[in-house]
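With mmCIF, C-alpha atoms inside, this is query-v8.cif:
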```cif
data_target
loop_
_atom_site.label_atom_id
_atom_site.label_comp_id
_atom_site.auth_asym_id
_atom_site.auth_seq_id
_atom_site.Cartn_x
_atom_site.Cartn_y
_atom_site.Cartn_z
CA MET T 341 342.46 224.37 31.39
CA GLU T 342 345.27 223.17 33.65
CA LYS T 343 346.05 219.46 33.54
CA GLN T 344 345.27 217.63 36.78
CA LEU T 345 347.85 215.27 38.23
CA LYS T 346 346.68 211.66 38.49
CA GLU T 347 347.81 208.61 40.39
CA GLY T 348 349.88 206.26 38.22
CA GLU T 349 351.46 209.07 36.19
CA TYR T 350 355.07 210.20 36.18
CA VAL T 351 355.88 213.79 37.08
CA TYR T 352 358.88 216.12 37.12
CA ILE T 353 359.83 217.78 40.40
CA GLN T 354 361.48 221.21 40.37
CA SER T 355 362.93 223.12 43.28
CA TYR T 356 363.80 226.80 42.93
CA LYS T 357 365.59 229.34 45.09
CA HIS T 358 364.02 232.56 46.38
CA ASN T 359 365.62 234.53 43.52
CA GLY T 360 363.73 232.40 40.95
CA LYS T 361 366.71 230.33 39.82
CA LEU T 362 366.27 226.61 39.37
CA HIS T 363 367.93 224.78 42.28
CA ARG T 364 367.37 221.07 41.60
CA THR T 365 365.24 218.88 39.30
CA TRP T 366 364.14 215.26 39.63
CA ALA T 367 363.57 213.72 36.17
CA MET T 368 360.63 211.59 37.19
CA GLY T 369 358.58 210.54 40.12
CA TYR T 370 355.75 208.03 40.13
CA VAL T 371 352.56 209.54 41.55
CA VAL T 372 351.06 207.23 44.19
CA GLU T 373 348.55 209.60 45.80
CA VAL T 374 346.92 212.92 44.99
CA THR T 375 344.57 214.53 47.52
CA SER T 376 343.73 218.11 48.42
CA ASN T 377 346.20 217.76 51.35
CA ARG T 378 349.22 216.25 49.63
CA ILE T 379 350.89 214.70 46.62
CA VAL T 380 352.90 211.54 47.30
CA VAL T 381 355.51 210.51 44.73
CA ILE T 382 357.99 207.64 44.60
CA THR T 383 361.45 208.23 43.18
CA ASN T 384 363.64 205.23 42.44
CA LYS T 385 366.93 205.41 40.53
CA THR T 386 365.86 208.87 39.38
CA ILE T 387 368.15 211.34 37.62
CA VAL T 388 368.64 214.52 39.66
CA THR T 389 370.09 217.64 38.01
CA GLU T 390 371.71 220.31 40.18
CA SER T 391 371.71 224.03 39.34
CA ASP T 392 375.32 223.78 38.12
CA GLY T 393 374.36 221.05 35.60
CA ARG T 394 375.83 218.19 37.63
CA LYS T 395 373.69 215.04 37.42
CA TRP T 396 373.43 212.06 39.73
CA ILE T 397 371.07 209.14 40.24
CA THR T 398 369.23 208.47 43.50
CA ARG T 399 370.58 205.34 45.21
CA GLU T 400 367.47 204.09 46.93
CA PRO T 401 363.72 204.34 46.58
CA ALA T 402 362.13 207.30 48.35
CA VAL T 403 358.57 208.20 49.24
CA CYS T 404 358.26 211.98 48.76
CA TYR T 405 355.51 214.07 50.35
CA PHE T 406 354.60 217.47 48.90
CA TYR T 407 352.03 219.72 50.57
CA PRO T 408 350.02 222.65 49.16
CA ASP T 409 349.71 224.26 52.60
CA LYS T 410 352.91 223.38 54.50
CA TRP T 411 356.25 225.15 54.19
CA TYR T 412 358.20 221.90 53.95
CA ASN T 413 358.36 218.66 52.01
CA VAL T 414 359.58 215.28 53.21
CA ILE T 415 361.70 212.69 51.42
CA CYS T 416 361.57 209.27 53.10
CA MET T 417 364.55 207.25 51.85
CA ILE T 418 364.09 203.52 52.23
CA ARG T 419 367.41 201.90 53.11
CA LYS T 420 368.45 198.55 54.59
CA THR T 421 368.97 200.32 57.93
CA GLY T 422 365.41 201.71 57.93
CA ILE T 423 363.74 204.92 56.83
CA HIS T 424 365.87 208.06 56.73
CA TYR T 425 363.79 211.24 56.58
CA TYR T 426 365.11 214.33 54.82
CA CYS T 427 362.89 217.38 55.26
CA ASN T 428 363.31 220.52 53.18
CA LEU T 429 362.00 223.83 54.50
CA ALA T 430 360.36 225.13 51.33
CA SER T 431 357.35 227.01 50.10
CA PRO T 432 354.13 225.05 49.73
CA SER T 433 354.34 222.79 46.66
CA LEU T 434 352.13 223.16 43.64
CA TYR T 435 351.57 221.25 40.43
CA ASP T 436 351.26 223.61 37.46
CA GLY T 437 350.64 221.08 34.68
CA GLU T 438 354.38 220.77 34.04
CA ALA T 439 355.96 219.78 37.36
CA ILE T 440 355.58 219.78 41.14
CA LYS T 441 357.30 223.05 42.12
CA ASN T 442 358.44 224.79 45.29
CA ILE T 443 361.01 227.27 46.56
CA ASP T 444 363.76 225.78 48.72
CA TYR T 445 364.59 227.84 51.82
CA ASP T 446 367.89 226.17 52.66
CA LEU T 447 367.15 224.76 56.12
CA ASP T 448 366.86 220.97 56.24
CA VAL T 449 366.00 218.50 58.98
CA LYS T 450 367.35 214.96 58.91
CA VAL T 451 365.80 212.19 61.01
CA THR T 452 367.54 208.83 61.42
CA PRO T 453 365.70 205.50 61.79
CA ALA T 454 366.56 205.68 65.51
CA GLY T 455 364.75 209.04 65.74
CA LYS T 456 367.80 211.32 66.08
CA ILE T 457 367.06 214.77 64.65
CA PHE T 458 369.63 217.01 62.96
CA LEU T 459 369.07 220.60 61.77
CA LEU T 460 371.21 221.20 58.68
CA ASP T 461 372.38 224.14 56.55
CA GLU T 462 371.83 226.94 59.06
CA ASP T 463 374.89 228.71 57.58
CA GLU T 464 373.45 228.46 54.05
CA TYR T 465 370.14 229.86 55.33
CA ALA T 466 371.91 232.83 56.97
CA ILE T 467 373.88 233.61 53.80
CA HIS T 468 370.90 233.29 51.43
CA SER T 469 368.66 235.19 53.83
CA MET T 470 370.94 238.22 53.49
CA LYS T 471 371.94 237.73 49.85
CA MET T 472 368.37 237.19 48.57
CA GLN T 473 366.85 239.57 51.14
CA TYR T 474 364.32 237.28 52.81
CA SER T 475 361.73 239.53 54.44
CA GLU T 476 361.18 239.45 58.21
CA LYS T 477 357.69 238.10 57.53
CA LEU T 478 359.13 235.24 55.44
CA LYS T 479 361.73 234.42 58.11
CA LYS T 480 358.98 234.26 60.74
CA VAL T 481 356.94 231.88 58.56
CA ILE T 482 359.98 229.64 58.01
CA GLN T 483 360.74 229.56 61.76
CA LYS T 484 357.10 228.80 62.60
CA GLU T 485 356.98 225.99 60.01
CA LEU T 486 360.29 224.59 61.27
CA ASN T 487 358.74 224.38 64.75
CA THR T 488 355.62 222.69 63.29
CA LEU T 489 357.83 220.21 61.42
CA LEU T 490 359.83 219.38 64.56
CA GLU T 491 356.58 218.86 66.48
CA ASP T 492 355.23 216.56 63.72
CA ILE T 493 358.45 214.54 63.93
CA LYS T 494 358.27 214.31 67.73
CA LEU T 495 354.61 213.21 67.67
CA LYS T 496 355.23 210.82 64.73
CA ASN T 497 352.50 212.56 62.72
CA SER T 498 352.26 211.68 59.03
CA PRO T 499 354.63 210.87 57.39
CA PHE T 500 356.92 210.27 60.38
CA HIS T 501 355.64 206.81 61.21
CA TYR T 502 357.56 204.14 59.35
CA ARG T 503 354.46 201.95 58.80
CA GLU T 504 352.75 204.64 56.69
CA VAL T 505 355.82 205.02 54.50
CA TYR T 506 356.21 201.26 54.02
CA ASN T 507 352.47 200.92 53.20
CA ILE T 508 352.76 203.53 50.45
CA TYR T 509 355.93 201.94 49.12
CA GLU T 510 354.23 198.51 49.05
CA ARG T 511 351.35 200.05 47.09
CA TYR T 512 353.89 201.37 44.58
CA GLN T 513 355.56 197.95 44.29
CA HIS T 514 352.15 196.33 43.73
CA ASN T 515 351.37 198.87 40.96
CA MET T 516 354.74 198.17 39.32
CA GLU T 517 354.12 194.39 39.42
CA ASN T 518 350.68 194.86 37.83
CA PHE T 519 352.22 197.12 35.16
CA LYS T 520 354.81 194.45 34.28
CA GLN T 521 352.05 191.89 33.78
CA LEU T 522 350.26 193.99 31.14
#
```
Taking this structure as input, can you express it in the form of structure tokens?
Amino acid sequence: MEKQLKEGEYVYIQSYKHNGKLHRTWAMGYVVEVTSNRIVVITNKTIVTESDGRKWITREPAVCYFYPDKWYNVICMIRKTGIHYYCNLASPSLYDGEAIKNIDYDLDVKVTPAGKIFLLDEDEYAIHSMKMQYSEKLKKVIQKELNTLLEDIKLKNSPFHYREVYNIYERYQHNMENFKQL
């Protein structure tokens, strides 16, 4: 029987590329919420390992949203200047008992605290699309999901309203305070 992910646990996060190769791994994320619609994880000073073996540590806390039915995930980095959103176009995320996993499809969307939107890595997407032979069907799904993501950002749908992100982060801080008192 597959292990179910529970709030209050730590979990690995693994991102792959279309060819099955590991792209990036986060050593641990604290699970704040698990529903049928999403998994929300906090990373804070977390070790990240790149596909080439290079390691680095995240600089700020982030509230990370993973969806079982959306072709993107959202990392909400909490900085002094506000929340910076980094959205990865990726396959729907799943938890398989070992880690939260998805396939990264190169395109990224960055949203500043002021609401400016930037589409990133279009060149990487074009190269990988040819190199890894993304099907026309897959490319259509990615484009459709990119449009959905941009609409969610524009309408400030979850998680693109700063108050929601701060509320989840405060819940995490409260859990950490309670844990320290044990």
The PyMOL selection byres ((chain T and resi 372-379) around 6) - which residues does that actually catch in the file I just gave you? List them as a list in words.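 Residues picked by the PyMOL selection byres ((chain T and resi 372-379) around 6): Glu347, Val371, Val380, Val381, Tyr405, Phe406 and Tyr407 of chain T.
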For a test of reading the model, state the distance in Å between CA of Lys496 (chain T) and CA of Tyr412 (chain T), rounded to one decimal.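 Separating CA of Lys496 (chain T) from CA of Tyr412 (chain T) is a distance of 15.7 Å.
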Can you pull out every residue within 12 Å of region 467-475 of chain T, counting only C-alpha atoms, but drop anything in the same chain fewer than 3 positions away, and send it as a PyMOL selection string? chain T and resi 357-361+444-447+461-464+478-482
Just the number, please: distance in Å from CA of Glu476 (chain T) to CA of Asn428 (chain T), one decimal.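 Going from CA of Glu476 (chain T) over to CA of Asn428 (chain T) covers 19.7 Å.
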State, in Å with one decimal place, the distance from CA of Cys404 (chain T) to CA of Thr383 (chain T).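 If I compute the distance from CA of Cys404 (chain T) to CA of Thr383 (chain T), I get 7.4 Å.
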So which one's closest to Tyr465 (chain T), T:Glu438, T:Glu400, T:Asp492, T:Asp448? Using all atoms listed in the file, please.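 So, comparing all the options, the nearest one is T:Asp448.
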Give me, as JSON, numbers by chain, all polymer residues having an atom no more than 7 Å from Cys416 (chain T), counting only C-alpha atoms and skipping those fewer than 4 positions away in the same chain. {"T": [402, 403, 404, 423, 424, 425, 426]}
Because some atoms of region 411-424 of chain T are absent here, can you restore N, CA, C and O atoms and send them as a PDB file, keeping the file's coordinate frame?
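Below is the file that was written, selection_27.pdb:
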```pdb
ATOM      1  N   TRP T 411     355.003 224.564  54.683  1.00  0.00           N
ATOM      2  CA  TRP T 411     356.250 225.150  54.190  1.00  0.00           C
ATOM      3  C   TRP T 411     357.406 224.155  54.351  1.00  0.00           C
ATOM      4  O   TRP T 411     358.500 224.525  54.771  1.00  0.00           O
ATOM      5  N   TYR T 412     357.152 222.910  54.014  1.00  0.00           N
ATOM      6  CA  TYR T 412     358.200 221.900  53.950  1.00  0.00           C
ATOM      7  C   TYR T 412     357.709 220.727  53.109  1.00  0.00           C
ATOM      8  O   TYR T 412     356.517 220.589  52.829  1.00  0.00           O
ATOM      9  N   ASN T 413     358.667 219.923  52.660  1.00  0.00           N
ATOM     10  CA  ASN T 413     358.360 218.660  52.010  1.00  0.00           C
ATOM     11  C   ASN T 413     359.263 217.609  52.639  1.00  0.00           C
ATOM     12  O   ASN T 413     360.274 217.945  53.271  1.00  0.00           O
ATOM     13  N   VAL T 414     358.878 216.344  52.508  1.00  0.00           N
ATOM     14  CA  VAL T 414     359.580 215.280  53.210  1.00  0.00           C
ATOM     15  C   VAL T 414     359.948 214.169  52.225  1.00  0.00           C
ATOM     16  O   VAL T 414     359.082 213.676  51.497  1.00  0.00           O
ATOM     17  N   ILE T 415     361.212 213.796  52.234  1.00  0.00           N
ATOM     18  CA  ILE T 415     361.700 212.690  51.420  1.00  0.00           C
ATOM     19  C   ILE T 415     362.059 211.558  52.378  1.00  0.00           C
ATOM     20  O   ILE T 415     362.914 211.730  53.256  1.00  0.00           O
ATOM     21  N   CYS T 416     361.374 210.423  52.221  1.00  0.00           N
ATOM     22  CA  CYS T 416     361.570 209.270  53.100  1.00  0.00           C
ATOM     23  C   CYS T 416     362.370 208.225  52.324  1.00  0.00           C
ATOM     24  O   CYS T 416     361.806 207.507  51.487  1.00  0.00           O
ATOM     25  N   MET T 417     363.670 208.164  52.574  1.00  0.00           N
ATOM     26  CA  MET T 417     364.550 207.250  51.850  1.00  0.00           C
ATOM     27  C   MET T 417     364.522 205.876  52.514  1.00  0.00           C
ATOM     28  O   MET T 417     364.783 205.762  53.718  1.00  0.00           O
ATOM     29  N   ILE T 418     364.207 204.872  51.714  1.00  0.00           N
ATOM     30  CA  ILE T 418     364.090 203.520  52.230  1.00  0.00           C
ATOM     31  C   ILE T 418     365.428 202.807  52.026  1.00  0.00           C
ATOM     32  O   ILE T 418     365.832 202.529  50.902  1.00  0.00           O
ATOM     33  N   ARG T 419     366.101 202.555  53.144  1.00  0.00           N
ATOM     34  CA  ARG T 419     367.410 201.900  53.110  1.00  0.00           C
ATOM     35  C   ARG T 419     367.351 200.624  53.936  1.00  0.00           C
ATOM     36  O   ARG T 419     366.409 200.408  54.705  1.00  0.00           O
ATOM     37  N   LYS T 420     368.385 199.808  53.821  1.00  0.00           N
ATOM     38  CA  LYS T 420     368.450 198.550  54.590  1.00  0.00           C
ATOM     39  C   LYS T 420     368.404 198.820  56.096  1.00  0.00           C
ATOM     40  O   LYS T 420     367.906 198.009  56.858  1.00  0.00           O
ATOM     41  N   THR T 421     368.922 199.976  56.507  1.00  0.00           N
ATOM     42  CA  THR T 421     368.970 200.320  57.930  1.00  0.00           C
ATOM     43  C   THR T 421     367.659 200.924  58.438  1.00  0.00           C
ATOM     44  O   THR T 421     367.553 201.246  59.608  1.00  0.00           O
ATOM     45  N   GLY T 422     366.682 201.119  57.545  1.00  0.00           N
ATOM     46  CA  GLY T 422     365.410 201.710  57.930  1.00  0.00           C
ATOM     47  C   GLY T 422     365.105 202.948  57.110  1.00  0.00           C
ATOM     48  O   GLY T 422     365.764 203.207  56.099  1.00  0.00           O
ATOM     49  N   ILE T 423     364.140 203.715  57.551  1.00  0.00           N
ATOM     50  CA  ILE T 423     363.740 204.920  56.830  1.00  0.00           C
ATOM     51  C   ILE T 423     364.519 206.122  57.353  1.00  0.00           C
ATOM     52  O   ILE T 423     364.539 206.391  58.554  1.00  0.00           O
ATOM     53  N   HIS T 424     365.151 206.819  56.435  1.00  0.00           N
ATOM     54  CA  HIS T 424     365.870 208.060  56.730  1.00  0.00           C
ATOM     55  C   HIS T 424     365.026 209.191  56.148  1.00  0.00           C
ATOM     56  O   HIS T 424     364.739 209.201  54.954  1.00  0.00           O
TER      57      HIS T 424
END
```
